[in-house]
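Text of model_5.txt (compact mmCIF, C-alpha atoms and all ligand atoms) as supplied:
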```txt
# COMPACT_ATOMS: atom_id res chain seq x y z
CA MET A 1 -97.21 19.34 25.03
CA SER A 2 -94.72 18.89 22.18
CA LEU A 3 -91.12 19.95 22.48
CA GLY A 4 -91.46 22.31 19.51
CA ALA A 5 -94.23 24.30 21.18
CA ASP A 6 -92.19 24.52 24.39
CA VAL A 7 -89.16 25.84 22.51
CA ALA A 8 -91.34 28.38 20.67
CA ARG A 9 -92.76 29.62 24.00
CA LEU A 10 -89.27 29.82 25.46
CA VAL A 11 -88.06 31.94 22.51
CA VAL A 12 -91.10 34.26 22.66
CA GLY A 13 -90.52 34.73 26.41
CA LEU A 14 -86.83 35.38 25.80
CA LEU A 15 -87.60 38.06 23.19
CA ILE A 16 -90.16 39.75 25.46
CA GLY A 17 -87.66 39.69 28.35
CA MET A 18 -85.03 41.32 26.14
CA ILE A 19 -87.24 43.91 24.42
CA VAL A 20 -89.57 45.12 27.21
CA PRO A 21 -86.80 46.65 29.43
CA ARG A 22 -85.59 48.68 26.41
CA LEU A 23 -89.01 50.06 25.42
CA PRO A 24 -88.38 53.47 27.09
CA LEU A 25 -85.16 53.76 25.08
CA LEU A 26 -87.00 52.99 21.83
CA PHE A 27 -90.00 55.23 22.18
CA PHE A 28 -89.76 57.76 24.99
CA THR A 29 -88.09 60.67 23.17
CA ARG A 30 -88.99 59.57 19.65
CA PHE A 31 -92.73 59.18 20.23
CA ILE A 32 -93.26 62.80 21.19
CA ASN A 33 -91.46 65.47 19.21
CA MET A 34 -88.53 66.53 21.38
CA GLU A 35 -86.12 67.54 18.66
CA ARG A 36 -86.63 71.29 19.08
CA ASN A 37 -83.09 72.34 20.01
CA LEU A 38 -81.13 69.46 18.54
CA THR A 39 -79.80 68.90 15.05
CA PRO A 40 -81.53 66.03 13.18
CA HIS A 41 -80.04 62.50 13.31
CA PRO A 42 -77.30 61.63 12.29
CA ASP A 43 -75.81 65.15 12.10
CA PRO A 44 -73.22 66.23 14.71
CA ILE A 45 -74.63 67.97 17.80
CA PRO A 46 -72.92 71.20 18.95
CA VAL A 47 -71.62 71.08 22.53
CA GLY A 48 -74.05 73.32 24.39
CA ILE A 49 -76.91 73.40 26.87
CA PRO A 50 -79.40 71.47 24.64
CA LEU A 51 -76.89 68.59 24.39
CA ILE A 52 -76.30 68.51 28.15
CA GLN A 53 -80.07 68.58 28.79
CA ARG A 54 -80.52 65.69 26.35
CA LEU A 55 -77.70 63.70 27.99
CA LEU A 56 -79.32 64.11 31.42
CA LEU A 57 -82.69 63.07 29.96
CA MET A 58 -81.16 59.99 28.29
CA ARG A 59 -79.54 59.07 31.59
CA ARG A 60 -82.96 59.18 33.26
CA ILE A 61 -84.42 57.03 30.45
CA HIS A 62 -81.64 54.46 30.95
CA LEU A 63 -82.55 54.35 34.65
CA MET A 64 -86.22 54.02 33.68
CA CYS A 65 -85.29 50.83 31.76
CA TRP A 66 -84.35 49.21 35.09
CA ILE A 67 -87.82 49.92 36.51
CA VAL A 68 -89.53 48.57 33.37
CA ALA A 69 -87.25 45.48 33.50
CA SER A 70 -88.61 44.57 36.93
CA LEU A 71 -92.11 43.94 35.46
CA PRO A 72 -91.30 40.91 33.23
CA LEU A 73 -88.84 39.69 35.87
CA ILE A 74 -91.41 39.67 38.69
CA LEU A 75 -94.12 38.25 36.42
CA GLY A 76 -91.78 35.50 35.16
CA LEU A 77 -90.67 34.56 38.69
CA LEU A 78 -94.28 34.45 39.91
CA ILE A 79 -95.28 32.10 37.08
CA ILE A 80 -92.22 29.86 37.59
CA LYS A 81 -93.09 29.57 41.26
CA SER A 82 -96.39 27.86 40.43
CA SER A 83 -95.35 25.90 37.31
CA PRO A 84 -92.17 25.50 35.21
CA GLU A 85 -93.60 27.38 32.23
CA PRO A 86 -91.04 27.76 29.34
CA PHE A 87 -92.47 31.19 28.43
CA ALA A 88 -91.76 32.52 31.94
CA LEU A 89 -88.33 30.88 31.98
CA GLY A 90 -87.47 32.65 28.71
CA MET A 91 -88.71 35.97 30.08
CA VAL A 92 -86.52 35.71 33.20
CA ALA A 93 -83.52 34.73 31.04
CA GLY A 94 -84.15 37.71 28.72
CA VAL A 95 -84.26 40.19 31.61
CA SER A 96 -81.14 38.57 33.09
CA TRP A 97 -79.33 39.28 29.83
CA PHE A 98 -80.39 42.93 30.12
CA VAL A 99 -79.05 43.08 33.69
CA ILE A 100 -75.72 41.48 32.74
CA SER A 101 -75.21 43.73 29.70
CA ARG A 102 -75.84 46.81 31.85
CA ALA A 103 -73.85 45.71 34.88
CA ILE A 104 -70.62 45.20 32.95
CA PRO A 105 -69.10 48.61 32.15
CA GLN A 106 -67.95 49.23 28.59
CA ASP A 107 -64.84 51.01 29.80
CA PRO A 108 -63.87 50.34 33.45
CA ASN A 109 -62.26 53.81 33.73
CA SER A 110 -65.33 55.74 32.61
CA GLY A 111 -67.83 54.61 35.25
CA PHE A 112 -70.97 52.49 35.17
CA GLY A 113 -73.88 52.81 32.80
CA ILE A 114 -74.11 53.90 29.20
CA LEU A 115 -74.09 57.58 30.18
CA PRO A 116 -72.05 57.91 33.39
CA LEU A 117 -72.35 61.27 35.21
CA SER A 118 -68.57 61.74 34.92
CA LEU A 119 -68.90 61.73 31.12
CA ILE A 120 -71.74 64.28 31.18
CA ARG A 121 -69.62 66.45 33.50
CA ASP A 122 -66.64 66.23 31.12
CA ILE A 123 -68.82 67.25 28.17
CA ASN A 124 -70.38 70.08 30.18
CA ASN A 125 -66.87 71.38 30.93
CA LEU A 126 -66.25 71.54 27.19
CA ARG A 127 -68.87 74.30 26.91
CA GLU A 128 -66.10 76.55 28.21
CA PRO A 129 -62.95 74.69 27.16
CA GLU A 130 -59.61 75.45 28.82
CA THR A 131 -57.65 75.05 25.61
CA VAL A 132 -58.50 76.79 22.36
CA CYS A 133 -57.81 74.78 19.20
CA CYS A 134 -58.35 77.56 16.65
CA LYS A 135 -59.83 81.03 16.23
CA ARG A 136 -63.28 79.74 15.29
CA GLN A 137 -63.53 76.93 17.84
CA LEU A 138 -66.85 75.13 17.52
CA LEU A 139 -67.00 71.78 19.29
CA GLN A 140 -69.56 69.22 18.21
CA TRP A 141 -70.23 65.57 18.98
CA GLU A 142 -69.75 63.56 15.84
CA VAL A 143 -70.31 59.81 15.45
CA ARG A 144 -66.86 58.87 16.72
CA SER A 145 -65.65 61.79 18.87
CA ILE A 146 -66.13 65.38 20.00
CA ARG A 147 -64.12 67.56 17.65
CA CYS A 148 -63.87 71.09 16.32
CA ARG A 149 -65.97 71.76 13.25
CA HIS A 150 -63.38 74.06 11.70
CA CYS A 151 -59.91 72.68 12.49
CA ARG A 152 -61.11 69.05 13.01
CA SER A 153 -58.97 68.54 16.12
CA ILE A 154 -60.37 65.91 18.52
CA THR A 155 -61.18 67.14 22.03
CA LEU A 156 -62.81 64.03 23.51
CA ASN A 157 -62.32 60.66 21.90
CA ILE A 158 -65.66 59.08 22.82
CA PRO A 159 -68.13 57.70 20.24
CA ARG A 160 -71.62 59.20 20.42
CA PRO A 161 -74.29 56.95 21.96
CA ASP A 162 -77.91 57.06 20.84
CA LEU A 163 -79.34 60.40 21.98
CA GLY A 164 -83.02 59.65 21.38
CA ARG A 165 -83.39 61.68 18.19
CA ILE A 166 -85.79 60.48 15.49
CA ARG A 167 -83.53 58.18 13.51
CA SER A 168 -82.67 58.70 9.87
CA ASP A 169 -82.40 54.94 9.26
CA GLY A 170 -86.13 54.44 9.84
CA LEU A 171 -88.22 53.09 12.68
CA LEU A 172 -87.56 49.39 12.04
CA ILE A 173 -83.80 49.37 11.36
CA GLY A 174 -83.21 52.17 13.88
CA SER A 175 -85.09 50.27 16.61
CA LEU A 176 -83.22 47.06 15.78
CA ARG A 177 -79.87 48.86 16.06
CA ILE A 178 -80.83 50.35 19.43
CA LEU A 179 -81.98 46.94 20.69
CA LEU A 180 -78.76 45.25 19.56
CA MET A 181 -76.42 47.96 20.86
CA ASP A 182 -78.52 48.89 23.90
CA GLY A 183 -78.26 52.56 22.94
CA ARG A 184 -74.46 52.43 22.85
CA SER A 185 -72.43 53.54 19.88
CA PRO A 186 -71.45 50.69 17.52
CA PHE A 187 -67.90 52.09 17.55
CA PRO A 188 -65.50 51.00 20.30
CA HIS A 189 -64.04 53.41 22.85
CA ASP A 190 -60.63 54.45 21.59
CA SER A 191 -59.19 54.90 25.07
CA VAL A 192 -56.01 53.07 24.01
CA VAL A 193 -55.47 55.55 21.19
CA THR A 194 -56.07 58.51 23.51
CA GLN A 195 -53.65 57.11 26.06
CA GLY A 196 -51.10 56.61 23.28
CA VAL A 197 -51.49 60.20 22.13
CA GLU A 198 -51.19 61.44 25.74
CA PHE A 199 -48.06 59.34 26.20
CA LEU A 200 -46.54 60.68 22.98
CA SER A 201 -47.31 64.28 23.91
CA LYS A 202 -45.68 63.68 27.33
CA VAL A 203 -42.60 62.27 25.63
CA THR A 204 -42.32 65.24 23.28
CA GLU A 205 -42.83 67.65 26.22
CA GLU A 206 -40.02 65.96 28.13
CA GLU A 207 -37.76 66.12 25.10
ZN ZN A 301 -60.73 74.36 16.13
```

Do you think you could lay out the structure here as structure tokens?
Amino acid sequence: MSLGADVARLVVGLLIGMIVPRLPLLFFTRFINMERNLTPHPDPIPVGIPLIQRLLLMRRIHLMCWIVASLPLILGLLIIKSSPEPFALGMVAGVSWFVISRAIPQDPNSGFGILPLSLIRDINNLREPETVCCKRQLLQWEVRSIRCRHCRSITLNIPRPDLGRIRSDGLLIGSLRILLMDGRSPFPHDSVVTQGVEFLSKVTEEE
């Protein structure tokens, strides 16, 4: 067989290995209408029980991706065992990329996974916040952080990951963004900024 055909089969296998594990993330909540208690994408979501429920559901969907990933991996390994098929090789490489991208934490301090339980716990605690920013405190998760709708003060400086709402940017572009970012937010974690602010507030307290 020609080299070109082998390369084409390798690429197709690679794409399948990369896309199949993320299928639950693409379709699970968007296929059936589950928007009932949430604001439409990309509007901010108020911090409340519907948000916490959605975060727990998204966490389960992220775990489901691991189970789905095992299918192309096992199939690819079984084929490779009998013959060095480029398609199977690509599939195994694609799933390996999924495993590597998930195994490396985005922020080593915030725990593993795209939605670590510690983060969901922190957000749940914000339903009854210890500090009050203003008289009409209304916390909501915007694209870049959780902040008060009225006084705009930031409570938690964490960008919002994909929460499985039907996307405003359309099925094709929306799906492509989710595939590329793996459901993470395209914005980086501003932990350095938060630490800087904490440090500054400590300094001013000491003074
Ligand atoms: Zn406020």

**OP:** Select, counting only C-alpha atoms, all protein, DNA and RNA residues no farther than 12 Å from (-78.1, 68.8, 26.6) in file coordinates, and express the selection as JSON, numbers by chain.
**Re:** {"A": [34, 35, 36, 37, 38, 39, 45, 46, 47, 48, 49, 50, 51, 52, 53, 54, 55, 56, 57, 58, 59, 120, 121, 123, 124, 127, 140, 141, 163, 164]}

Original post:
Pick from A:Arg136, A:Arg184, A:Arg165, A:Arg102: nearest to ligand ZN 301 (chain A), with all atoms listed in the file counted?
Top reply: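 When distances to ligand ZN 301 (chain A) are compared using all atoms listed in the file, the smallest one comes from A:Arg136.
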
**OP:** Rank nothing, just name the residue among A:Gly4, A:Pro40, A:Pro129, A:Pro186 nearest to ligand ZN 301 (chain A), using only C-alpha atoms and all ligand atoms.
**Re:** A:Pro129

Original post:
Suppose you want the space between CA of Asp182 (chain A) and CA of Pro161 (chain A); what is it in Å?
Top reply: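 A separation of 9.3 Å between them.
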
Please, which residues have at least one atom within 8 Å of an atom of ligand ZN 301 (chain A), using only C-alpha atoms and all ligand atoms, listed as a CSV table (one decimal) with C-alpha atoms, in the coordinates of the input?
```csv
chain,number,residue,atom,x,y,z
A,132,VAL,CA,-58.5,76.8,22.4
A,133,CYS,CA,-57.8,74.8,19.2
A,134,CYS,CA,-58.4,77.6,16.6
A,135,LYS,CA,-59.8,81.0,16.2
A,136,ARG,CA,-63.3,79.7,15.3
A,137,GLN,CA,-63.5,76.9,17.8
A,138,LEU,CA,-66.8,75.1,17.5
A,139,LEU,CA,-67.0,71.8,19.3
A,147,ARG,CA,-64.1,67.6,17.6
A,148,CYS,CA,-63.9,71.1,16.3
A,149,ARG,CA,-66.0,71.8,13.2
A,150,HIS,CA,-63.4,74.1,11.7
A,151,CYS,CA,-59.9,72.7,12.5
A,152,ARG,CA,-61.1,69.0,13.0
A,153,SER,CA,-59.0,68.5,16.1
```

Subject >> Point-to-point distance from CA of Leu15 (chain A) to CA of Gly94 (chain A), Å rounded to tenths >> reply: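 Distance between the two atoms: 6.5 Å.
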
How about completing region 70-101 of chain A with N, CA and C atoms and giving it to me as a PDB file, in the frame of the given file?
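Result file follows (out.pdb):
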```pdb
ATOM      1  N   SER A  70     -88.139  45.318  35.754  1.00  0.00           N
ATOM      2  CA  SER A  70     -88.610  44.570  36.930  1.00  0.00           C
ATOM      3  C   SER A  70     -89.988  43.923  36.663  1.00  0.00           C
ATOM      4  N   LEU A  71     -90.772  44.500  35.730  1.00  0.00           N
ATOM      5  CA  LEU A  71     -92.110  43.940  35.460  1.00  0.00           C
ATOM      6  C   LEU A  71     -92.053  42.522  34.893  1.00  0.00           C
ATOM      7  N   PRO A  72     -91.361  42.290  33.726  1.00  0.00           N
ATOM      8  CA  PRO A  72     -91.300  40.910  33.230  1.00  0.00           C
ATOM      9  C   PRO A  72     -90.554  39.971  34.181  1.00  0.00           C
ATOM     10  N   LEU A  73     -89.604  40.532  34.943  1.00  0.00           N
ATOM     11  CA  LEU A  73     -88.840  39.690  35.870  1.00  0.00           C
ATOM     12  C   LEU A  73     -89.752  39.163  36.990  1.00  0.00           C
ATOM     13  N   ILE A  74     -90.518  40.076  37.598  1.00  0.00           N
ATOM     14  CA  ILE A  74     -91.410  39.670  38.690  1.00  0.00           C
ATOM     15  C   ILE A  74     -92.495  38.728  38.167  1.00  0.00           C
ATOM     16  N   LEU A  75     -93.072  39.098  37.012  1.00  0.00           N
ATOM     17  CA  LEU A  75     -94.120  38.250  36.420  1.00  0.00           C
ATOM     18  C   LEU A  75     -93.580  36.853  36.123  1.00  0.00           C
ATOM     19  N   GLY A  76     -92.398  36.785  35.506  1.00  0.00           N
ATOM     20  CA  GLY A  76     -91.780  35.500  35.160  1.00  0.00           C
ATOM     21  C   GLY A  76     -91.525  34.661  36.410  1.00  0.00           C
ATOM     22  N   LEU A  77     -90.976  35.292  37.454  1.00  0.00           N
ATOM     23  CA  LEU A  77     -90.670  34.560  38.690  1.00  0.00           C
ATOM     24  C   LEU A  77     -91.945  34.040  39.352  1.00  0.00           C
ATOM     25  N   LEU A  78     -93.009  34.867  39.304  1.00  0.00           N
ATOM     26  CA  LEU A  78     -94.280  34.450  39.910  1.00  0.00           C
ATOM     27  C   LEU A  78     -94.850  33.231  39.196  1.00  0.00           C
ATOM     28  N   ILE A  79     -94.750  33.244  37.846  1.00  0.00           N
ATOM     29  CA  ILE A  79     -95.280  32.100  37.080  1.00  0.00           C
ATOM     30  C   ILE A  79     -94.445  30.844  37.361  1.00  0.00           C
ATOM     31  N   ILE A  80     -93.106  31.021  37.361  1.00  0.00           N
ATOM     32  CA  ILE A  80     -92.220  29.860  37.590  1.00  0.00           C
ATOM     33  C   ILE A  80     -92.492  29.227  38.950  1.00  0.00           C
ATOM     34  N   LYS A  81     -92.836  30.058  39.902  1.00  0.00           N
ATOM     35  CA  LYS A  81     -93.090  29.570  41.260  1.00  0.00           C
ATOM     36  C   LYS A  81     -94.229  28.548  41.272  1.00  0.00           C
ATOM     37  N   SER A  82     -95.255  28.794  40.436  1.00  0.00           N
ATOM     38  CA  SER A  82     -96.390  27.860  40.430  1.00  0.00           C
ATOM     39  C   SER A  82     -96.206  26.716  39.436  1.00  0.00           C
ATOM     40  N   SER A  83     -95.598  26.986  38.260  1.00  0.00           N
ATOM     41  CA  SER A  83     -95.350  25.900  37.310  1.00  0.00           C
ATOM     42  C   SER A  83     -94.141  26.233  36.437  1.00  0.00           C
ATOM     43  N   PRO A  84     -93.352  25.233  36.041  1.00  0.00           N
ATOM     44  CA  PRO A  84     -92.170  25.500  35.210  1.00  0.00           C
ATOM     45  C   PRO A  84     -92.558  25.808  33.764  1.00  0.00           C
ATOM     46  N   GLU A  85     -93.095  26.970  33.550  1.00  0.00           N
ATOM     47  CA  GLU A  85     -93.600  27.380  32.230  1.00  0.00           C
ATOM     48  C   GLU A  85     -92.434  27.899  31.374  1.00  0.00           C
ATOM     49  N   PRO A  86     -92.188  27.331  30.155  1.00  0.00           N
ATOM     50  CA  PRO A  86     -91.040  27.760  29.340  1.00  0.00           C
ATOM     51  C   PRO A  86     -91.097  29.249  28.982  1.00  0.00           C
ATOM     52  N   PHE A  87     -92.321  29.770  28.777  1.00  0.00           N
ATOM     53  CA  PHE A  87     -92.470  31.190  28.430  1.00  0.00           C
ATOM     54  C   PHE A  87     -91.892  32.080  29.549  1.00  0.00           C
ATOM     55  N   ALA A  88     -92.236  31.744  30.793  1.00  0.00           N
ATOM     56  CA  ALA A  88     -91.760  32.520  31.940  1.00  0.00           C
ATOM     57  C   ALA A  88     -90.248  32.370  32.117  1.00  0.00           C
ATOM     58  N   LEU A  89     -89.766  31.154  31.884  1.00  0.00           N
ATOM     59  CA  LEU A  89     -88.330  30.880  31.980  1.00  0.00           C
ATOM     60  C   LEU A  89     -87.552  31.756  30.987  1.00  0.00           C
ATOM     61  N   GLY A  90     -88.084  31.824  29.747  1.00  0.00           N
ATOM     62  CA  GLY A  90     -87.470  32.650  28.710  1.00  0.00           C
ATOM     63  C   GLY A  90     -87.466  34.112  29.100  1.00  0.00           C
ATOM     64  N   MET A  91     -88.586  34.569  29.687  1.00  0.00           N
ATOM     65  CA  MET A  91     -88.710  35.970  30.080  1.00  0.00           C
ATOM     66  C   MET A  91     -87.661  36.341  31.137  1.00  0.00           C
ATOM     67  N   VAL A  92     -87.509  35.455  32.135  1.00  0.00           N
ATOM     68  CA  VAL A  92     -86.520  35.710  33.200  1.00  0.00           C
ATOM     69  C   VAL A  92     -85.113  35.713  32.609  1.00  0.00           C
ATOM     70  N   ALA A  93     -84.846  34.786  31.666  1.00  0.00           N
ATOM     71  CA  ALA A  93     -83.520  34.730  31.040  1.00  0.00           C
ATOM     72  C   ALA A  93     -83.254  36.006  30.236  1.00  0.00           C
ATOM     73  N   GLY A  94     -84.292  36.487  29.525  1.00  0.00           N
ATOM     74  CA  GLY A  94     -84.150  37.710  28.720  1.00  0.00           C
ATOM     75  C   GLY A  94     -83.819  38.909  29.586  1.00  0.00           C
ATOM     76  N   VAL A  95     -84.527  39.062  30.716  1.00  0.00           N
ATOM     77  CA  VAL A  95     -84.260  40.190  31.610  1.00  0.00           C
ATOM     78  C   VAL A  95     -82.863  40.045  32.229  1.00  0.00           C
ATOM     79  N   SER A  96     -82.471  38.789  32.514  1.00  0.00           N
ATOM     80  CA  SER A  96     -81.140  38.570  33.090  1.00  0.00           C
ATOM     81  C   SER A  96     -80.056  39.052  32.130  1.00  0.00           C
ATOM     82  N   TRP A  97     -80.294  38.822  30.829  1.00  0.00           N
ATOM     83  CA  TRP A  97     -79.330  39.280  29.830  1.00  0.00           C
ATOM     84  C   TRP A  97     -79.222  40.810  29.855  1.00  0.00           C
ATOM     85  N   PHE A  98     -80.377  41.459  30.009  1.00  0.00           N
ATOM     86  CA  PHE A  98     -80.390  42.930  30.120  1.00  0.00           C
ATOM     87  C   PHE A  98     -79.547  43.376  31.314  1.00  0.00           C
ATOM     88  N   VAL A  99     -79.763  42.705  32.461  1.00  0.00           N
ATOM     89  CA  VAL A  99     -79.050  43.080  33.690  1.00  0.00           C
ATOM     90  C   VAL A  99     -77.543  42.892  33.507  1.00  0.00           C
ATOM     91  N   ILE A 100     -77.152  41.759  32.926  1.00  0.00           N
ATOM     92  CA  ILE A 100     -75.720  41.480  32.740  1.00  0.00           C
ATOM     93  C   ILE A 100     -75.090  42.501  31.799  1.00  0.00           C
ATOM     94  N   SER A 101     -75.790  42.793  30.683  1.00  0.00           N
ATOM     95  CA  SER A 101     -75.210  43.730  29.700  1.00  0.00           C
ATOM     96  C   SER A 101     -75.069  45.131  30.287  1.00  0.00           C
TER      97      SER A 101
END
```
